[in-house]
file data-v3.cif (mmCIF, C-alpha atoms)
data_target
loop_
_atom_site.group_PDB
_atom_site.id
_atom_site.type_symbol
_atom_site.label_atom_id
_atom_site.label_comp_id
_atom_site.auth_asym_id
_atom_site.auth_seq_id
_atom_site.Cartn_x
_atom_site.Cartn_y
_atom_site.Cartn_z
ATOM 1 C CA MET K 1 0.000 0.000 0.000
ATOM 2 C CA THR K 2 2.932 2.366 0.627
ATOM 3 C CA LYS K 3 3.968 1.961 -3.012
ATOM 4 C CA LEU K 4 0.492 2.972 -4.106
ATOM 5 C CA ARG K 5 0.512 6.214 -2.109
ATOM 6 C CA SER K 6 4.003 7.320 -3.220
ATOM 7 C CA GLY K 7 4.560 10.035 -5.801
ATOM 8 C CA LEU K 8 1.292 11.124 -7.397
ATOM 9 C CA GLY K 9 -0.640 8.223 -5.844
ATOM 10 C CA ILE K 10 -3.325 6.683 -8.035
ATOM 11 C CA ALA K 11 -3.360 9.849 -10.146
ATOM 12 C CA ASP K 12 -0.085 8.614 -11.635
ATOM 13 C CA PRO K 13 -0.833 7.153 -15.114
ATOM 14 C CA LYS K 14 1.429 4.202 -14.280
ATOM 15 C CA PHE K 15 0.190 3.632 -10.737
ATOM 16 C CA ALA K 16 -1.053 0.103 -11.515
ATOM 17 C CA ASP K 17 2.489 -0.994 -12.394
ATOM 18 C CA ARG K 18 3.441 -0.588 -8.719
ATOM 19 C CA LEU K 19 0.737 -2.914 -7.406
ATOM 20 C CA GLY K 20 2.489 -6.223 -8.073
ATOM 21 C CA PRO K 21 0.576 -9.098 -6.387
ATOM 22 C CA LEU K 22 -2.022 -6.612 -5.126
ATOM 23 C CA ARG K 23 -3.470 -6.538 -8.646
ATOM 24 C CA VAL K 24 -5.399 -9.654 -7.642
ATOM 25 C CA VAL K 25 -6.792 -7.884 -4.561
ATOM 26 C CA PHE K 26 -8.214 -5.127 -6.777
ATOM 27 C CA ASP K 27 -9.376 -7.598 -9.460
ATOM 28 C CA LEU K 28 -7.271 -5.944 -12.165
ATOM 29 C CA GLN K 29 -7.025 -7.658 -15.535
ATOM 30 C CA GLU K 30 -4.256 -7.318 -18.091
ATOM 31 C CA SER K 31 -6.779 -5.827 -20.489
ATOM 32 C CA ASP K 32 -7.837 -3.065 -18.066
ATOM 33 C CA GLY K 33 -6.938 0.429 -19.171
ATOM 34 C CA VAL K 34 -5.719 3.134 -16.800
ATOM 35 C CA GLU K 35 -9.147 4.567 -16.043
ATOM 36 C CA THR K 36 -10.702 1.133 -15.505
ATOM 37 C CA ALA K 37 -7.888 0.171 -13.138
ATOM 38 C CA ARG K 38 -8.201 3.472 -11.301
ATOM 39 C CA ALA K 39 -11.962 3.027 -10.922
ATOM 40 C CA LYS K 40 -11.544 -0.486 -9.500
ATOM 41 C CA VAL K 41 -8.877 0.580 -7.019
ATOM 42 C CA THR K 42 -10.856 3.656 -5.955
ATOM 43 C CA SER K 43 -13.993 1.565 -5.436
ATOM 44 C CA ARG K 44 -12.227 -1.048 -3.295
ATOM 45 C CA ILE K 45 -10.471 1.578 -1.183
ATOM 46 C CA ALA K 46 -13.725 3.496 -0.672
ATOM 47 C CA ALA K 47 -15.414 0.326 0.563
ATOM 48 C CA ALA K 48 -12.485 -0.412 2.890
ATOM 49 C CA THR K 49 -12.600 3.098 4.414
ATOM 50 C CA ALA K 50 -16.382 3.333 4.766
ATOM 51 C CA ARG K 51 -16.354 2.570 8.492
ATOM 52 C CA LEU K 52 -13.221 4.513 9.388
ATOM 53 C CA PRO K 53 -13.442 7.700 11.473
ATOM 54 C CA GLU K 54 -13.684 10.829 9.337
ATOM 55 C CA ASP K 55 -10.126 11.939 10.088
ATOM 56 C CA GLN K 56 -8.621 8.643 8.946
ATOM 57 C CA ARG K 57 -10.897 8.490 5.904
ATOM 58 C CA LEU K 58 -9.806 11.964 4.775
ATOM 59 C CA ALA K 59 -6.155 11.113 5.365
ATOM 60 C CA VAL K 60 -6.453 7.963 3.251
ATOM 61 C CA ASP K 61 -8.108 9.995 0.512
ATOM 62 C CA ALA K 62 -5.192 12.431 0.577
ATOM 63 C CA ALA K 63 -2.649 9.610 0.758
ATOM 64 C CA PHE K 64 -3.893 8.056 -2.472
ATOM 65 C CA SER K 65 -4.602 11.397 -4.199
ATOM 66 C CA GLN K 66 -8.193 10.493 -4.986
ATOM 67 C CA THR K 67 -9.968 13.861 -5.072
ATOM 68 C CA GLY K 68 -9.523 17.262 -6.693
ATOM 69 C CA PRO K 69 -7.352 19.224 -4.226
ATOM 70 C CA PHE K 70 -4.794 16.416 -4.010
ATOM 71 C CA ARG K 71 -4.516 15.333 -7.637
ATOM 72 C CA GLY K 72 -1.203 16.250 -9.234
ATOM 73 C CA LYS K 73 0.473 16.709 -5.830
ATOM 74 C CA ARG K 74 3.112 14.489 -4.273
ATOM 75 C CA TYR K 75 2.468 12.566 -1.054
ATOM 76 C CA MET K 76 3.837 15.046 1.492
ATOM 77 C CA GLU K 77 2.269 17.967 -0.382
ATOM 78 C CA ARG K 78 -1.118 16.251 -0.214
ATOM 79 C CA LEU K 79 -0.820 15.754 3.535
ATOM 80 C CA GLU K 80 0.223 19.373 3.989
ATOM 81 C CA ILE K 81 -2.907 20.511 2.115
ATOM 82 C CA LEU K 82 -5.062 18.353 4.388
ATOM 83 C CA ALA K 83 -3.241 19.660 7.470
ATOM 84 C CA GLN K 84 -4.097 23.223 6.469
ATOM 85 C CA GLN K 85 -7.711 22.278 5.782
ATOM 86 C CA ARG K 86 -8.119 20.578 9.154
ATOM 87 C CA GLY K 87 -6.028 23.019 11.193
ATOM 88 C CA ARG K 88 -3.616 20.280 12.250
ATOM 89 C CA THR K 89 0.099 19.596 11.863
ATOM 90 C CA SER K 90 1.665 17.569 9.065
ATOM 91 C CA ARG K 91 2.853 15.075 11.680
ATOM 92 C CA THR K 92 -0.737 14.481 12.757
ATOM 93 C CA MET K 93 -1.728 13.953 9.131
ATOM 94 C CA ARG K 94 0.995 11.330 8.733
ATOM 95 C CA ARG K 95 -0.297 9.501 11.800
ATOM 96 C CA TRP K 96 -3.866 9.589 10.490
ATOM 97 C CA ALA K 97 -2.704 8.359 7.092
ATOM 98 C CA ASP K 98 -0.572 5.540 8.542
ATOM 99 C CA SER K 99 -3.363 4.301 10.804
ATOM 100 C CA GLY K 100 -5.919 4.567 8.008
ATOM 101 C CA LEU K 101 -3.698 2.740 5.526
ATOM 102 C CA ALA K 102 -3.104 -0.058 8.025
ATOM 103 C CA ALA K 103 -6.866 -0.492 8.408
ATOM 104 C CA VAL K 104 -7.365 -0.407 4.625
ATOM 105 C CA ALA K 105 -4.655 -2.996 4.044
ATOM 106 C CA GLU K 106 -6.169 -5.283 6.668
ATOM 107 C CA ALA K 107 -9.637 -4.987 5.129
ATOM 108 C CA LEU K 108 -8.400 -5.559 1.585
ATOM 109 C CA LEU K 109 -6.266 -8.572 2.462
ATOM 110 C CA ALA K 110 -9.062 -10.094 4.531
ATOM 111 C CA GLY K 111 -11.118 -10.303 1.369
ATOM 112 C CA ALA K 112 -8.249 -11.286 -0.906
ATOM 113 C CA PRO K 113 -7.860 -14.724 -2.492
ATOM 114 C CA ARG K 114 -6.121 -17.238 -0.266
ATOM 115 C CA THR K 115 -3.094 -17.316 -2.568
ATOM 116 C CA ILE K 116 -2.434 -13.679 -1.651
ATOM 117 C CA ARG K 117 -2.889 -14.167 2.089
ATOM 118 C CA ASP K 118 -0.620 -17.230 2.204
ATOM 119 C CA PRO K 119 3.114 -16.398 2.244
ATOM 120 C CA HIS K 120 5.771 -17.970 0.065
ATOM 121 C CA TRP K 121 7.885 -18.444 3.193
ATOM 122 C CA TRP K 122 7.767 -17.851 6.910
ATOM 123 C CA THR K 123 10.309 -17.203 9.645
ATOM 124 C CA GLU K 124 11.018 -19.953 12.134
ATOM 125 C CA GLU K 125 13.484 -17.818 14.067
ATOM 126 C CA LEU K 126 14.897 -14.310 13.730
ATOM 127 C CA LYS K 127 17.928 -13.292 15.781
ATOM 128 C CA VAL K 128 19.000 -9.660 15.769
ATOM 129 C CA ALA K 129 21.992 -8.067 17.485
ATOM 130 C CA LEU K 130 22.053 -4.257 17.474
ATOM 131 C CA VAL K 131 25.480 -2.954 18.488
ATOM 132 C CA LEU K 132 25.575 0.687 19.558
ATOM 133 C CA ASP K 133 28.955 0.828 21.344
ATOM 134 C CA GLY K 134 31.178 0.433 18.279
ATOM 135 C CA PRO K 135 32.607 2.974 15.852
ATOM 136 C CA THR K 136 29.369 2.778 13.820
ATOM 137 C CA PRO K 137 25.878 1.452 14.604
ATOM 138 C CA GLU K 138 25.687 -2.140 13.334
ATOM 139 C CA VAL K 139 22.880 -4.665 12.949
ATOM 140 C CA LEU K 140 23.419 -8.404 12.564
ATOM 141 C CA GLU K 141 20.317 -10.288 11.429
ATOM 142 C CA THR K 142 20.234 -14.072 11.374
ATOM 143 C CA ARG K 143 17.027 -15.543 10.036
ATOM 144 C CA ARG K 144 15.918 -19.142 9.623
ATOM 145 C CA VAL K 145 13.134 -19.371 7.049
ATOM 146 C CA VAL K 146 10.928 -22.229 5.882
ATOM 147 C CA ALA K 147 9.628 -22.439 2.313
ATOM 148 C CA ALA K 148 5.836 -22.579 1.989
ATOM 149 C CA ARG K 149 5.976 -23.633 -1.666
ATOM 150 C CA ASP K 150 8.292 -25.561 -3.968
ATOM 151 C CA GLY K 151 11.000 -23.772 -5.906
ATOM 152 C CA LEU K 152 11.517 -20.832 -3.542
ATOM 153 C CA ALA K 153 14.589 -19.120 -5.019
ATOM 154 C CA GLU K 154 14.681 -15.714 -3.332
ATOM 155 C CA LEU K 155 13.465 -13.840 -0.280
ATOM 156 C CA ASP K 156 11.821 -10.440 -0.563
ATOM 157 C CA LEU K 157 13.080 -8.441 2.412
ATOM 158 C CA ALA K 158 12.995 -4.853 3.650
ATOM 159 C CA MET K 159 14.742 -2.758 6.279
ATOM 160 C CA THR K 160 13.800 0.637 7.654
ATOM 161 C CA ILE K 161 16.652 2.946 8.651
ATOM 162 C CA THR K 162 14.969 5.582 10.796
ATOM 163 C CA GLU K 163 15.845 9.235 10.285
ATOM 164 C CA ALA K 164 17.623 8.389 7.023
ATOM 165 C CA ASP K 165 17.013 9.698 3.524
ATOM 166 C CA ALA K 166 17.415 7.777 0.279
ATOM 167 C CA ASP K 167 20.986 8.972 -0.279
ATOM 168 C CA THR K 168 22.032 7.760 3.172
ATOM 169 C CA VAL K 169 20.349 4.380 2.811
ATOM 170 C CA LEU K 170 21.532 3.661 -0.730
ATOM 171 C CA ASN K 171 25.013 5.192 -0.624
ATOM 172 C CA ARG K 172 26.201 5.291 2.987
ATOM 173 C CA VAL K 173 24.670 2.220 4.639
ATOM 174 C CA THR K 174 26.677 -0.949 3.974
ATOM 175 C CA PHE K 175 24.804 -4.238 3.576
ATOM 176 C CA ASP K 176 26.819 -7.483 3.688
ATOM 177 C CA VAL K 177 25.887 -11.154 3.605
ATOM 178 C CA ILE K 178 27.876 -13.134 6.151
ATOM 179 C CA TYR K 179 26.493 -16.373 4.755
ATOM 180 C CA GLY K 180 23.397 -17.798 3.093
ATOM 181 C CA GLY K 181 23.011 -16.199 -0.329
ATOM 182 C CA VAL K 182 23.567 -13.135 -2.490
ATOM 183 C CA LEU K 183 21.998 -9.850 -1.399
ATOM 184 C CA HIS K 184 20.641 -7.269 -3.840
ATOM 185 C CA VAL K 185 19.693 -3.738 -2.787
ATOM 186 C CA VAL K 186 16.707 -3.154 -5.068
ATOM 187 C CA ALA K 187 15.144 0.255 -4.401
ATOM 188 C CA MET K 188 13.596 2.517 -1.790
ATOM 189 C CA GLU K 189 10.042 1.474 -0.842
ATOM 190 C CA SER K 190 9.489 4.655 1.169
ATOM 191 C CA SER K 191 11.539 7.625 2.311
ATOM 192 C CA ASP K 192 13.550 5.487 4.755
ATOM 193 C CA ARG K 193 12.731 1.856 3.936
ATOM 194 C CA VAL K 194 14.832 -0.078 1.445
ATOM 195 C CA ARG K 195 13.772 -3.215 -0.413
ATOM 196 C CA LEU K 196 16.300 -6.060 -0.370
ATOM 197 C CA VAL K 197 16.236 -9.367 -2.213
ATOM 198 C CA LEU K 198 18.273 -12.353 -1.056
ATOM 199 C CA THR K 199 18.942 -14.878 -3.813
ATOM 200 C CA LEU K 200 19.307 -18.311 -2.222
ATOM 201 C CA PRO K 201 22.195 -20.671 -3.060
ATOM 202 C CA ARG K 202 19.649 -23.143 -4.426
ATOM 203 C CA PRO K 203 15.823 -23.276 -4.692
ATOM 204 C CA LEU K 204 14.046 -24.703 -1.675
ATOM 205 C CA ALA K 205 11.384 -27.366 -1.673
ATOM 206 C CA ARG K 206 8.232 -26.804 0.333
ATOM 207 C CA GLY K 207 8.947 -27.345 4.037
ATOM 208 C CA SER K 208 12.729 -26.950 3.608
ATOM 209 C CA ALA K 209 14.574 -24.547 5.897
ATOM 210 C CA HIS K 210 17.362 -22.095 5.134
ATOM 211 C CA GLU K 211 19.409 -19.786 7.325
ATOM 212 C CA TYR K 212 21.266 -16.606 6.444
ATOM 213 C CA THR K 213 22.995 -13.730 8.217
ATOM 214 C CA VAL K 214 23.014 -10.150 6.923
ATOM 215 C CA ARG K 215 24.926 -7.238 8.431
ATOM 216 C CA ALA K 216 24.020 -3.562 8.038
ATOM 217 C CA ARG K 217 26.516 -0.874 9.017
ATOM 218 C CA LEU K 218 25.323 2.692 9.385
ATOM 219 C CA PRO K 219 27.342 5.891 9.030
ATOM 220 C CA ALA K 220 29.074 6.920 12.259
ATOM 221 C CA ASP K 221 27.304 10.297 12.198
ATOM 222 C CA HIS K 222 23.820 8.852 11.749
ATOM 223 C CA GLU K 223 21.522 8.894 14.774
ATOM 224 C CA LEU K 224 18.784 6.276 14.819
ATOM 225 C CA ARG K 225 15.519 6.799 16.584
ATOM 226 C CA ALA K 226 15.651 5.210 20.003
ATOM 227 C CA HIS K 227 13.983 1.900 19.145
ATOM 228 C CA TYR K 228 14.404 -1.354 17.243
ATOM 229 C CA VAL K 229 11.318 -3.309 16.229
ATOM 230 C CA CYS K 230 10.310 -6.135 13.916
ATOM 231 C CA VAL K 231 7.167 -5.619 11.827
ATOM 232 C CA PRO K 232 6.620 -9.002 10.139
ATOM 233 C CA LYS K 233 5.192 -9.175 6.645
ATOM 234 C CA TYR K 234 5.091 -12.993 6.821
ATOM 235 C CA PRO K 235 4.529 -15.209 9.887
ATOM 236 C CA CYS K 236 7.363 -15.106 12.424
ATOM 237 C CA LYS K 237 7.448 -17.775 15.134
ATOM 238 C CA ARG K 238 10.290 -16.375 17.239
ATOM 239 C CA PHE K 239 12.157 -13.064 17.416
ATOM 240 C CA ASP K 240 15.273 -12.835 19.621
ATOM 241 C CA LEU K 241 16.567 -9.280 20.046
ATOM 242 C CA ARG K 242 19.785 -8.158 21.731
ATOM 243 C CA VAL K 243 20.900 -4.535 22.018
ATOM 244 C CA ARG K 244 24.345 -3.538 23.271
ATOM 245 C CA PHE K 245 24.548 0.077 24.445
ATOM 246 C CA SER K 246 27.599 2.223 24.921
ATOM 247 C CA PRO K 247 28.771 2.029 28.563
ATOM 248 C CA ALA K 248 29.750 5.691 28.286
ATOM 249 C CA ASP K 249 26.188 6.709 27.413
ATOM 250 C CA PRO K 250 23.649 4.123 28.621
ATOM 251 C CA PRO K 251 19.919 4.843 28.302
ATOM 252 C CA THR K 252 17.996 5.900 31.389
ATOM 253 C CA ALA K 253 15.120 3.552 30.547
ATOM 254 C CA VAL K 254 14.460 0.616 28.215
ATOM 255 C CA THR K 255 10.974 -0.761 27.557
ATOM 256 C CA ARG K 256 9.589 -3.778 25.692
ATOM 257 C CA LEU K 257 6.871 -3.408 23.049
ATOM 258 C CA VAL K 258 4.639 -6.288 21.971
ATOM 259 C CA ASP K 259 2.425 -6.203 18.853
ATOM 260 C CA VAL K 260 1.822 -2.452 18.794
ATOM 261 C CA TYR K 261 0.983 -0.279 15.803
ATOM 262 C CA GLN K 262 4.187 0.931 14.179
ATOM 263 C CA ARG K 263 3.095 4.561 14.415
ATOM 264 C CA ASP K 264 2.823 4.163 18.217
ATOM 265 C CA VAL K 265 6.345 2.860 18.840
ATOM 266 C CA GLN K 266 7.628 6.219 20.107
ATOM 267 C CA ASP K 267 4.366 7.297 21.752
ATOM 268 C CA PRO K 268 5.023 7.404 25.523
ATOM 269 C CA VAL K 269 1.382 6.502 26.193
ATOM 270 C CA THR K 270 1.756 3.144 24.414
ATOM 271 C CA ALA K 271 1.843 0.309 26.937
ATOM 272 C CA ALA K 272 5.350 -1.101 27.397
ATOM 273 C CA GLU K 273 7.144 -3.233 29.971
ATOM 274 C CA ALA K 274 10.305 -1.903 31.622
ATOM 275 C CA VAL K 275 13.436 -4.034 31.251
ATOM 276 C CA ARG K 276 16.899 -3.654 32.774
ATOM 277 C CA LEU K 277 20.350 -3.512 31.297
ATOM 278 C CA ASP K 278 22.763 -6.194 32.475
ATOM 279 C CA PRO K 279 26.242 -5.275 33.817
ATOM 280 C CA ALA K 280 27.643 -5.419 30.276
ATOM 281 C CA GLY K 281 25.212 -2.746 29.104
ATOM 282 C CA GLU K 282 23.115 -5.225 27.126
ATOM 283 C CA VAL K 283 19.438 -6.092 26.914
ATOM 284 C CA ARG K 284 17.960 -9.276 25.509
ATOM 285 C CA THR K 285 14.296 -10.102 24.958
ATOM 286 C CA CYS K 286 12.352 -12.695 22.977
ATOM 287 C CA PHE K 287 8.950 -12.716 21.270
ATOM 288 C CA THR K 288 6.906 -15.591 19.880
ATOM 289 C CA ASP K 289 4.144 -15.771 17.269
ATOM 290 C CA LEU K 290 4.379 -12.118 16.268
ATOM 291 C CA ALA K 291 1.282 -10.390 14.888
ATOM 292 C CA LEU K 292 1.546 -9.580 11.191
ATOM 293 C CA GLY K 293 1.958 -5.887 10.492
ATOM 294 C CA ARG K 294 2.463 -5.000 14.167
ATOM 295 C CA ALA K 295 5.690 -3.903 15.857
ATOM 296 C CA SER K 296 7.519 -5.858 18.563
ATOM 297 C CA GLY K 297 10.875 -4.918 20.014
ATOM 298 C CA LEU K 298 12.591 -2.448 22.328
ATOM 299 C CA ARG K 299 12.616 1.294 22.763
ATOM 300 C CA TRP K 300 14.729 3.427 25.047
ATOM 301 C CA ARG K 301 15.375 6.978 26.135
ATOM 302 C CA TYR K 302 18.392 8.918 27.332
#

call {"tool": "encode", "arguments": {"input": "data-v3.cif", "output": "structure tokens"}}
result
Amino acid sequence: MTKLRSGLGIADPKFADRLGPLRVVFDLQESDGVETARAKVTSRIAAATARLPEDQRLAVDAAFSQTGPFRGKRYMERLEILAQQRGRTSRTMRRWADSGLAAVAEALLAGAPRTIRDPHWWTEELKVALVLDGPTPEVLETRRVVAARDGLAELDLAMTITEADADTVLNRVTFDVIYGGVLHVVAMESSDRVRLVLTLPRPLARGSAHEYTVRARLPADHELRAHYVCVPKYPCKRFDLRVRFSPADPPTAVTRLVDVYQRDVQDPVTAAEAVRLDPAGEVRTCFTDLALGRASGLRWRY
């Protein structure tokens, strides 16, 4: 859905090219012209937003550029127009849009064919080590996946680097495979989220498992937001997270988040459980059976 809202939204003449597998959700046919495709998408989105609160419904409308004032404007411009109309801040508009889009995606996928809802693979175990006491912030991700169909040859992955722009993510963040395949940095999916594809050493049969480790090194001068969360696109049975803080600058508080909306990760009102650093300045926590599209992990403050 984030691809659909980017740029000119559905006002873009080539918007349908960005839908990928979601074409099935909107019942798009190869023979459909631009206006037919736009009408189908608009109709499905309108049905999915019918029961949303007015604020979210308006934000979704602006996000997809569906009505007059927003057509021909880029995503952030559309939200700024809505912010002025409603007498709110752009940040509030982004929150309304994110929450509305999450509800739309859930409604659309609930009515999608089973082949869309079922993943091509799922995660048996994800182990992440976030190291913050080195010369540069570094993330080590080890994932054990299980193929849900025969012939699985690649994994479609993504990583969000908070507070980073496209130039930083594509040119200054270093992605390395320690083992388990060949990694390709494909493109930005949003302003700070990059799409990655891992080509496996050999295709997997259904039920076969594969493990890989990827490392991401950030620029020394880049400051992440004070959290690390997993937002699973496909089922994830176990998520093991370790964070090592600098002993010279430890956080004053660390809290554990379980299955929260991604937009609420930094909201101090969001329920979270306090956890303690060990004598080495580290925190470890585990999660099981993560909720799809929800955030689980740690946040901290200094």

call {"tool": "resolve_selection", "arguments": {"input": "data-v3.cif", "expression": "the PyMOL selection byres ((chain K and resi 136) around 9)", "output": "list in words"}}
result
Val131, Leu132, Asp133, Gly134, Pro135, Pro137, Glu138, Arg217, Leu218, Pro219, Ala220, Asp221 and His222 of chain K

call {"tool": "resolve_selection", "arguments": {"input": "data-v3.cif", "expression": "the PyMOL selection byres ((chain K and resi 189) around 12)", "output": "count of residues only"}}
result
28

call {"tool": "atom_distance", "arguments": {"input": "data-v3.cif", "atom1": "CA of Ala205 in chain K", "atom2": "CA of Val146 in chain K"}}
result
9.1 Å

call {"tool": "residues_around", "arguments": {"input": "data-v3.cif", "residues": "range 278-295 of chain K", "least_positions_apart": "3", "cutoff": "7 Å", "atoms": "all atoms listed in the file", "output": "PyMOL selection string"}}
result
chain K and resi 229-247+258-262

call {"tool": "residues_around", "arguments": {"input": "data-v3.cif", "residues": "Ala50 in chain K", "least_positions_apart": "5", "cutoff": "12 Å", "atoms": "all atoms listed in the file", "output": "ChimeraX atom specification"}}
result
/K:43-45,55-58,60-61,100,103-104,107

call {"tool": "resolve_selection", "arguments": {"input": "data-v3.cif", "expression": "the PyMOL selection byres ((chain K and resi 139) around 6)", "output": "ChimeraX atom specification"}}
result
/K:129-130,138,140,215-216

call {"tool": "atom_distance", "arguments": {"input": "data-v3.cif", "atom1": "CA of Leu155 in chain K", "atom2": "CA of Leu183 in chain K"}}
result
9.5 Å

call {"tool": "closest_residue", "arguments": {"input": "data-v3.cif", "among": "K:Val145, K:Thr213, K:Lys127, K:Ser65", "to": "Asp176 in chain K", "atoms": "only C-alpha atoms"}}
result
K:Thr213

call {"tool": "atom_distance", "arguments": {"input": "data-v3.cif", "atom1": "CA of Arg38 in chain K", "atom2": "CA of Pro13 in chain K"}}
result
9.1 Å

call {"tool": "closest_residue", "arguments": {"input": "data-v3.cif", "among": "K:Asp32, K:Asp98, K:Glu54, K:Glu223", "to": "Arg86 in chain K", "atoms": "all atoms listed in the file"}}
result
K:Glu54

call {"tool": "axis_aligned_box", "arguments": {"input": "data-v3.cif", "around": "range 85-96 of chain K", "padding_each_side": "8 Å", "output": "AutoDock Vina command-line options"}}
result
--center_x -2.6 --center_y 16.3 --center_z 9.3 --size_x 27.0 --size_y 29.5 --size_z 23.0

call {"tool": "residues_around", "arguments": {"input": "data-v3.cif", "residues": "Ala39 in chain K", "least_positions_apart": "4", "cutoff": "12 Å", "atoms": "only C-alpha atoms", "output": "PyMOL selection string"}}
result
chain K and resi 10-11+16+26-28+32-35+43-46+66

call {"tool": "decode", "arguments": {"input": "data-v3.cif", "residues": "range 59-120 of chain K", "atoms": "C-alpha atoms", "output": "compact mmCIF listing (two decimals), in the first residue's frame"}}
result
# COMPACT_ATOMS: atom_id res chain seq x y z
CA ALA K 59 -6.15 11.11 5.37
CA VAL K 60 -6.45 7.96 3.25
CA ASP K 61 -8.11 9.99 0.51
CA ALA K 62 -5.19 12.43 0.58
CA ALA K 63 -2.65 9.61 0.76
CA PHE K 64 -3.89 8.06 -2.47
CA SER K 65 -4.60 11.40 -4.20
CA GLN K 66 -8.19 10.49 -4.99
CA THR K 67 -9.97 13.86 -5.07
CA GLY K 68 -9.52 17.26 -6.69
CA PRO K 69 -7.35 19.22 -4.23
CA PHE K 70 -4.79 16.42 -4.01
CA ARG K 71 -4.52 15.33 -7.64
CA GLY K 72 -1.20 16.25 -9.23
CA LYS K 73 0.47 16.71 -5.83
CA ARG K 74 3.11 14.49 -4.27
CA TYR K 75 2.47 12.57 -1.05
CA MET K 76 3.84 15.05 1.49
CA GLU K 77 2.27 17.97 -0.38
CA ARG K 78 -1.12 16.25 -0.21
CA LEU K 79 -0.82 15.75 3.54
CA GLU K 80 0.22 19.37 3.99
CA ILE K 81 -2.91 20.51 2.12
CA LEU K 82 -5.06 18.35 4.39
CA ALA K 83 -3.24 19.66 7.47
CA GLN K 84 -4.10 23.22 6.47
CA GLN K 85 -7.71 22.28 5.78
CA ARG K 86 -8.12 20.58 9.15
CA GLY K 87 -6.03 23.02 11.19
CA ARG K 88 -3.62 20.28 12.25
CA THR K 89 0.10 19.60 11.86
CA SER K 90 1.66 17.57 9.07
CA ARG K 91 2.85 15.07 11.68
CA THR K 92 -0.74 14.48 12.76
CA MET K 93 -1.73 13.95 9.13
CA ARG K 94 0.99 11.33 8.73
CA ARG K 95 -0.30 9.50 11.80
CA TRP K 96 -3.87 9.59 10.49
CA ALA K 97 -2.70 8.36 7.09
CA ASP K 98 -0.57 5.54 8.54
CA SER K 99 -3.36 4.30 10.80
CA GLY K 100 -5.92 4.57 8.01
CA LEU K 101 -3.70 2.74 5.53
CA ALA K 102 -3.10 -0.06 8.03
CA ALA K 103 -6.87 -0.49 8.41
CA VAL K 104 -7.37 -0.41 4.62
CA ALA K 105 -4.65 -3.00 4.04
CA GLU K 106 -6.17 -5.28 6.67
CA ALA K 107 -9.64 -4.99 5.13
CA LEU K 108 -8.40 -5.56 1.58
CA LEU K 109 -6.27 -8.57 2.46
CA ALA K 110 -9.06 -10.09 4.53
CA GLY K 111 -11.12 -10.30 1.37
CA ALA K 112 -8.25 -11.29 -0.91
CA PRO K 113 -7.86 -14.72 -2.49
CA ARG K 114 -6.12 -17.24 -0.27
CA THR K 115 -3.09 -17.32 -2.57
CA ILE K 116 -2.43 -13.68 -1.65
CA ARG K 117 -2.89 -14.17 2.09
CA ASP K 118 -0.62 -17.23 2.20
CA PRO K 119 3.11 -16.40 2.24
CA HIS K 120 5.77 -17.97 0.06
